[in-house]
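Beneath this line is the structure, given in structure tokens, with notes to follow.
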Amino acid sequence: MVVMTMAKALNAGLRRAMETDPAVLLIGEDIGKLGGVFRVTDGLQKDFGEARVVDAPLAESGIVGTAVGLAMRGYRPVVEIQFDGFVFPAFDQIVTQVAKFNARSEGRTPMPITIRIPYGGGIGAVEHHSESPEAYFAHTAGLRVISPSNAADAYLMVQQAIASADPVVFFEPKRRYWEKADVDVDADLADAPSPYRARVVRPGQHVTLACYGPMVRTCLEAATAAEHDGHDLEVIDLRSMSPLDVDTVAESVRRTGRLVVVHEAPVFLGMGAELAARITEACFYSLQAPVLRVGGYHSPYPPSKVEEDYLPDLDRVLDGVDRALAW
Amino acid sequence: MVVMTMAKALNAGLRRAMETDPAVLLIGEDIGKLGGVFRVTDGLQKDFGEARVVDAPLAESGIVGTAVGLAMRGYRPVVEIQFDGFVFPAFDQIVTQVAKFNARSEGRTPMPITIRIPYGGGIGAVEHHSESPEAYFAHTAGLRVISPSNAADAYLMVQQAIASADPVVFFEPKRRYWEKADVDVDADLADAPSPYRARVVRPGQHVTLACYGPMVRTCLEAATAAEHDGHDLEVIDLRSMSPLDVDTVAESVRRTGRLVVVHEAPVFLGMGAELAARITEACFYSLQAPVLRVGGYHSPYPPSKVEEDYLPDLDRVLDGVDRALAW
Amino acid sequence: MTADGGPELVQLLTPEGERVHHPEYDIDITPEELRALYRDLVLVRRVDLEATALQRQGELGLWAPLLGQEAAQIGSGRALRPGDYAFPTYREHGVAWTRGVAPLTLLGLFRGVTNGGWDPHDHNFALYTIVIGDQTLHAVGYAMGIQRDGTEDAVICYFGDGASSQGDVNESFVFASVFNAPVVFFCQNNQWAISAPLERQTQIPLYRRAAGFGFPGVRVDGNDVLAVLAVTRAALQRARDGAGPTLVEAFTYRMGAHTTSDDPTRYRVAAELEAWKLKDPIERVRVHLARGGLADHDFFDAVEAEAEQLAVELRAGCRKLESRGIDTIFEHVYAEPHPLVAKERAEAAAYHASFQSGATVGGGH
Amino acid sequence: MTADGGPELVQLLTPEGERVHHPEYDIDITPEELRALYRDLVLVRRVDLEATALQRQGELGLWAPLLGQEAAQIGSGRALRPGDYAFPTYREHGVAWTRGVAPLTLLGLFRGVTNGGWDPHDHNFALYTIVIGDQTLHAVGYAMGIQRDGTEDAVICYFGDGASSQGDVNESFVFASVFNAPVVFFCQNNQWAISAPLERQTQIPLYRRAAGFGFPGVRVDGNDVLAVLAVTRAALQRARDGAGPTLVEAFTYRMGAHTTSDDPTRYRVAAELEAWKLKDPIERVRVHLARGGLADHDFFDAVEAEAEQLAVELRAGCRKLESRGIDTIFEHVYAEPHPLVAKERAEAAAYHASFQSGATVGGGH
Ligand SMILES: Cc1ncc(C[n+]2csc(CCOP(=O)(O)OP(=O)(O)O)c2C)c(N)n1
Ligand SMILES: Cc1ncc(C[n+]2csc(CCOP(=O)(O)OP(=O)(O)O)c2C)c(N)n1
Ligand SMILES: [Mg+2]
Ligand SMILES: [Mg+2]
């Protein structure tokens, strides 16, 4: 066990994947000498060379599009998109090509590409640097979409994403990059839990909170705070948005009867919508209240001085819990 | 009243908008001499000239991006995207610029742009020509997303979209292009119902069907067929996906107690997810069954010989109805 | 822009079938090789015409004819070595032929039984790409892989004059140039992008685009199979030699409709078509072979007969092309198991079973 | 690539402050105009340094310094007429100055109180665009609007060397060329895109990109305010004359970090910076004015004092810049009423009111 930040854990995970499989190759903007704007790829170009850590021209579609070609040639490209808001120039290549290649080729040319995207707000950044675009990708068949909430998961999940025969959009909660956790750097990947399974990170009886990425810590803090009010909250880290582990949530909701889904992304057509629809179907007779959602508003991400009002925080989560309990 | 196809109604609507407002200008691929691959812009370049009906270079981002500049200069661009599957190269300009311009500029530079997209399947086309990408746009704050289901609505709604101060993504159900209806070509736009309000197109008591675009006719046919089984279905044409007229649907569900949402787009994070979440919250105690969804599978749109198995049809809608009733 | 391609046009065989020489590009070719090229040209045209006919008869949903572009495709395709890799659009039926993809295999996509149809790695021929320009980046990425593997292979990437306007195509020029990737960009300038004439994409000859990105461009008579072969070979060799990308603009003409859904009479004049008929890519090879005594009647008849036979087989085969049914929807969405796909697949199966078993739920209507 | 810009570099004022002549571009300029340019340069540098300082003190979340690019921005900005329209990136503080946007107004975005800050139409200066390259298409569209209006205005569009790789930028070249739009593409080649050196974007001088799209490109000494003024004026005149777009590559250097978040020591060597210091854009004007007796000590002192005053005001103003609070989130998502926004706004208001009223629901924690 080593205590390290999520950024360092991701760095270690990438390093291990590159050591394990010579086909793994990183491509992105400023990932070489600079080590990425968040230093997640720090030192990798120095150790693995420019052929395996490729500083790309400034063109996201070009980065993802060439990754497709590299994958066809037998490589396992790991793409870095510098910030959430800059993935859209690559949207066509991701949705039209990366996602559909396996189906179009009837399984002959899979796309083992990992697309790393630092996402979410709360770091006081300028426009386009704080968005949560995961629903666009989760709605897209052919992609897998996962997000770690802590350093230990980050270390394993990034390796699992790279090892996957399917394309994985890997969302990194940038405001948690500097949070530390115990990481078992020698863990065997084969023993690691599936990244597509949700995890109950705090058992509870009264209300279930489902969340992922940056909101897991927020929800855990909310659960602690709720103890004062005598509310025992169960917190589930979804970890994966596609596939969505409905079973784990349903099992919980059958016990608690109440579910609040929390994410930074806008509520309208966000992950909470899908979870609400599925849980209502799966737990229709157990639900004591409709599934409630706490998330971003139907608005472009606001200027940073206002982001506190935009992002779900402990109080807004508890407000959702109270509303669920008051139903 | 004139009987015309939806394609002709759209043509007439565009023509009237161009006559009414000299700032209206069309830009797209093959919309001039060819009149568009579906002939929706037939004859408009001849009558309004090349400056107002602009055959663009083959670049969707360029088309939408220049439309942004034209809008800043005071024009009201109407963009044609040739097929649903070709909107993704323009995704960045739509999501990052068109959708956010009004907010970023604090209302100083609105984006009165209409983006017309023929969408949906059922016409035996090759890949990328049958998709239903509306959820990507409805999830995006700053955009309005609407879709007519018939020629009469098409005529009015396209004019309303153009007249809107906000950007409107206007989805045209291509397999209904050739269906005819009575169109009141002299109707005053001011008297037309808001395009953002849903419409009960068939009243009923037992189950509510919510749908839009190409699925409205399918649902109406299903409702007729269901009469044989003694089921009286209410059919609601949502008409707008953003904003979503939850009130009209909720009013219906409070009476019927059951809702089935039908669309061609994949169910996972499709419009049905949002409607299910909202209706469950609005009608929690009225619902006799969870909101059920009938739609496309979590799969890229399949080759056309298989599309019948992919698309919701009368039988699949009725299967959904039966499941809702059997709950 | 000059309708005849201008003085920069590389030509080795005139429309009249005369062999001419070019200071920079030339080719040594045996009569046997010439006859093989002729055969290729005739066969792919026959395949193309048959597919068009099959579409008219309702056997295909759509067809994108290569009519007029045979030399551009055969000349470039035959310049490839087995280890090279080709990235097509949706119209490269002639290139597919040179890569050993059976014509029947091409029909699957247009008949709507598959979105792909062949194993790209069996032929070093990627799947058809419909979204304009996307494949150019794949080609460059593949070429970057070749660089890393250190092999002597090269990549050829096809796209149209219309595609030259797409962002992705220009990004592929940037990546190829900056990384010095072993790729040949082969642009078939057939003068039209559906109804948009070349002038809608560029004010200057397209091959000159390359210079702006720092690599050479060359305009070749796309209806001259010899010139295309020579120019493409040279460009591929340059790529192999580590000298980076080349843009080849094959100046040609789309003799048919854009696809069988298109009506070109709405946007182009008959005279243009007539002028291009005189530059037919097959006729000039036939005349050259016949006049030079390089082929006799028997040869021409044999090729004709082979073409006819191919067409008959294509027709028969096409009618038998069946989809894999509803499995097509679920089978390969992911390479690894995915619970949502599994769930929906099971639900669909149960739903269909409900009809067969005569159950009434949902099946009575 | 030549570090000094090579022989194609248009220069009218050497780093040593010597006026030189250029066969194609020259400029008639009065001492008064020269002094005005000097003042501009000094003031925008002072604003920039102050903003950097404000960021360090926590008053701004971020700042993108223009340090070193003053001449490129002032020279091009001062070439504009009032009716012209400029489309910036996020670094055009000097251009903003020439368009009459108060420096304080620029800080709002970097302080996080707004995503915009000024009325584009008040200044004919579009909002800052952060997503690389997007604005180039807006500029061309705006220029197409000018064409339709038949006015004599022109558009200038700013972007960086890194941006030149983006698909959108190249599409903007296509549209501008094909429609002959009255637009000047002004690329500040400051040699770096964050940590990526120019070589990562192109193998050849950037100005040559234009030729591939059929319009002229010119490389100007971006640290020479006179040359930039002359070259940009000529390009704008060309646009007004209906002769179409021009690409101006201003060869300059980013003297500071990419932004205040960046650490350039990780990727570039100090010697490079030292070499460029000798080419400072302000120093050469000062020397030229002083040596030629075109300005005296009083003038220089006055400009210094004005700069200092501006900095003081900026600092004071910055601290007072406040967001409009939670209204910012809901107010302008749409221009017309939208029920979902209205609903969420009401819910947010009720939620906040619950704290104020001392209610316990959700507020007790
Ligand atoms: C991104 C995208 N936009 C639009 C289309 C529709 N479309 C299909 S082919 C075509 C014209 C292509 O012209 P060109 O590149 O010259 O190739 P050609 O068809 O002439 O071989 C268009 C606009 C598409 N397939 N993809
Ligand atoms: C589409 C997109 N990708 C990535 C970024 C992150 N980013 C911001 S500035 C920058 C470098 C820009 O370089 P250049 O165009 O040379 O302009 P400069 O900053 O040097 O003025 C990058 C990669 C972005 N803003 N937008
Ligand atoms: Mg073409
Ligand atoms: Mg730069």
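Within each chain, counting starts at residue 1; across the structure tokens, chains are named A, B, ... in the order shown, with ligands numbered 1 upward in that order.
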
Next item on the list: Residues within 9 Å of ligand 2, counting only C-alpha atoms and all ligand atoms: report them as an MDAnalysis selection string.
Entry: (chainID A and resid 29:30 57:60 81:83 85:90 128:129) or (chainID B and resid 92) or (chainID D and resid 64:66 89:92 129:134 159:166 187:198 253:254 258:259)

Margin query: Which residues are close to range 220-236 of chain C, i.e. within 8 Å by only C-alpha atoms, leaving aside same-chain residues fewer than 6 positions away? Reply as a PyMOL selection string.
Written below: chain C and resi 5+8-15+25-27+37+68-72+74-76+78-80+154-156+182-184+188+245-246+248-252+279-281

Next item on the list: Please determine the contact residues of chain B with respect to chain C at a cut-off of 9 Å, counting only C-alpha atoms, and supply them as JSON, numbers by chain.
Entry: {"B": [29, 30, 31, 32, 33, 34, 35, 37, 55, 56, 57, 58, 59, 60, 61, 62, 85, 86, 89, 124, 125, 126, 127, 128, 222, 225, 226, 228, 229, 268, 297, 298, 299, 300, 301, 302, 303, 304, 305, 306, 307, 309, 310, 314, 315, 316, 317, 318, 319, 320, 321, 322, 323]}

Item checked: Within 8 Å of Arg254 in chain B using only C-alpha atoms, minus same-chain residues under 2 positions, as an NGL selection string -> :B and (250-252 or 256-257 or 283 or 286-287)

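Considering only C-alpha atoms and all ligand atoms, the residue among D:Ala243, D:Val47, D:Ala211, D:Met255 positioned nearest to ligand 4 is D:Met255.
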
Next item on the list: Considering only C-alpha atoms, extract the chain A residues located within 9 Å of chain B and return them as a PyMOL selection string.
Entry: chain A and resi 85-93+95-96+99-100+103-104+128+135-136+138-142+266-278+280-282+284+289-293+297-300+302

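From CA of Pro312 in chain A back to CA of Gly204 in chain A, the distance works out to 20.8 Å.
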
Next item on the list: Name the residues of range 28-260 of chain B that fall into alpha helix (DSSP H) according to DSSP on the backbone, using the chain letters and numbers of this document, as number ranges by chain.
Entry: B: 44-48, 60-72, 91-92, 101-104, 134-138, 151-163, 215-227, 246-256

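With only C-alpha atoms as the atoms that count, the residue of C:Ile204, C:Ala335, C:Leu106, C:Ala307 with the shortest distance to chain D is C:Ile204.
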
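By only C-alpha atoms, and with residues fewer than 5 positions from Gly121 in chain B along its chain excluded, the set lying at most 7 Å from it is B:Ser130, B:Glu131, B:Arg175.
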
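Atom to atom, CA of Gln147 in chain C and CA of Thr20 in chain A stand 21.3 Å apart.
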
Next item on the list: Excluding Asp166 in chain A and residues on its chain fewer than 6 positions from it, collect all residues at most 8 Å away from it, counting only C-alpha atoms, and give them as a ChimeraX atom specification.
Entry: /A:110-113,142-144 /C:334-336

Next item on the list: Could you tell me, as JSON, numbers by chain, which residues of range 132-279 of chain B DSSP assigns to strand (DSSP E) when given the backbone?
Entry: {"B": [144, 145, 146, 168, 169, 170, 171, 172, 173, 180, 181, 182, 183, 199, 200, 201, 202, 207, 208, 209, 210, 211, 233, 234, 235, 236, 237, 240, 241, 242, 259, 260, 261, 262, 263, 264, 265, 266]}

For the residues selected in the previous step, produce a file with C-alpha atoms as a PDB file, in the first residue's frame.
```pdb
ATOM      1  CA  ARG B 144     -34.385  24.170 -28.298  1.00  0.00           C
ATOM      2  CA  VAL B 145     -35.244  20.877 -29.935  1.00  0.00           C
ATOM      3  CA  ILE B 146     -38.489  20.297 -31.760  1.00  0.00           C
ATOM      4  CA  VAL B 168     -33.612  25.544 -32.626  1.00  0.00           C
ATOM      5  CA  VAL B 169     -32.562  22.077 -33.685  1.00  0.00           C
ATOM      6  CA  PHE B 170     -35.375  21.089 -35.976  1.00  0.00           C
ATOM      7  CA  PHE B 171     -35.725  17.356 -36.501  1.00  0.00           C
ATOM      8  CA  GLU B 172     -37.624  16.319 -39.607  1.00  0.00           C
ATOM      9  CA  PRO B 173     -38.955  12.749 -39.612  1.00  0.00           C
ATOM     10  CA  LYS B 180     -49.852  14.304 -46.908  1.00  0.00           C
ATOM     11  CA  ALA B 181     -52.053  16.459 -44.772  1.00  0.00           C
ATOM     12  CA  ASP B 182     -54.229  19.541 -44.997  1.00  0.00           C
ATOM     13  CA  VAL B 183     -52.086  22.592 -44.541  1.00  0.00           C
ATOM     14  CA  ARG B 199     -50.715  18.059 -28.183  1.00  0.00           C
ATOM     15  CA  VAL B 200     -53.161  15.320 -27.311  1.00  0.00           C
ATOM     16  CA  VAL B 201     -53.748  13.889 -30.773  1.00  0.00           C
ATOM     17  CA  ARG B 202     -56.080  11.162 -29.596  1.00  0.00           C
ATOM     18  CA  VAL B 207     -52.885   4.213 -21.167  1.00  0.00           C
ATOM     19  CA  THR B 208     -51.066   7.315 -22.342  1.00  0.00           C
ATOM     20  CA  LEU B 209     -48.651   7.017 -25.260  1.00  0.00           C
ATOM     21  CA  ALA B 210     -46.117   9.841 -25.513  1.00  0.00           C
ATOM     22  CA  CYS B 211     -44.202  10.131 -28.753  1.00  0.00           C
ATOM     23  CA  LEU B 233     -55.202   4.789 -25.627  1.00  0.00           C
ATOM     24  CA  GLU B 234     -54.460   8.462 -25.342  1.00  0.00           C
ATOM     25  CA  VAL B 235     -51.753   9.597 -27.749  1.00  0.00           C
ATOM     26  CA  ILE B 236     -49.674  12.684 -27.087  1.00  0.00           C
ATOM     27  CA  ASP B 237     -47.483  14.251 -29.737  1.00  0.00           C
ATOM     28  CA  SER B 240     -40.853  19.541 -28.444  1.00  0.00           C
ATOM     29  CA  MET B 241     -38.033  17.723 -26.707  1.00  0.00           C
ATOM     30  CA  SER B 242     -36.525  20.826 -25.176  1.00  0.00           C
ATOM     31  CA  LEU B 259     -47.522   5.912 -19.586  1.00  0.00           C
ATOM     32  CA  VAL B 260     -45.530   4.376 -22.402  1.00  0.00           C
ATOM     33  CA  VAL B 261     -42.967   6.572 -24.125  1.00  0.00           C
ATOM     34  CA  VAL B 262     -42.092   5.665 -27.683  1.00  0.00           C
ATOM     35  CA  HIS B 263     -39.188   6.840 -29.806  1.00  0.00           C
ATOM     36  CA  GLU B 264     -36.814   5.456 -32.390  1.00  0.00           C
ATOM     37  CA  ALA B 265     -33.726   6.595 -30.535  1.00  0.00           C
ATOM     38  CA  PRO B 266     -32.026   4.150 -28.182  1.00  0.00           C
TER      39      PRO B 266
END
```
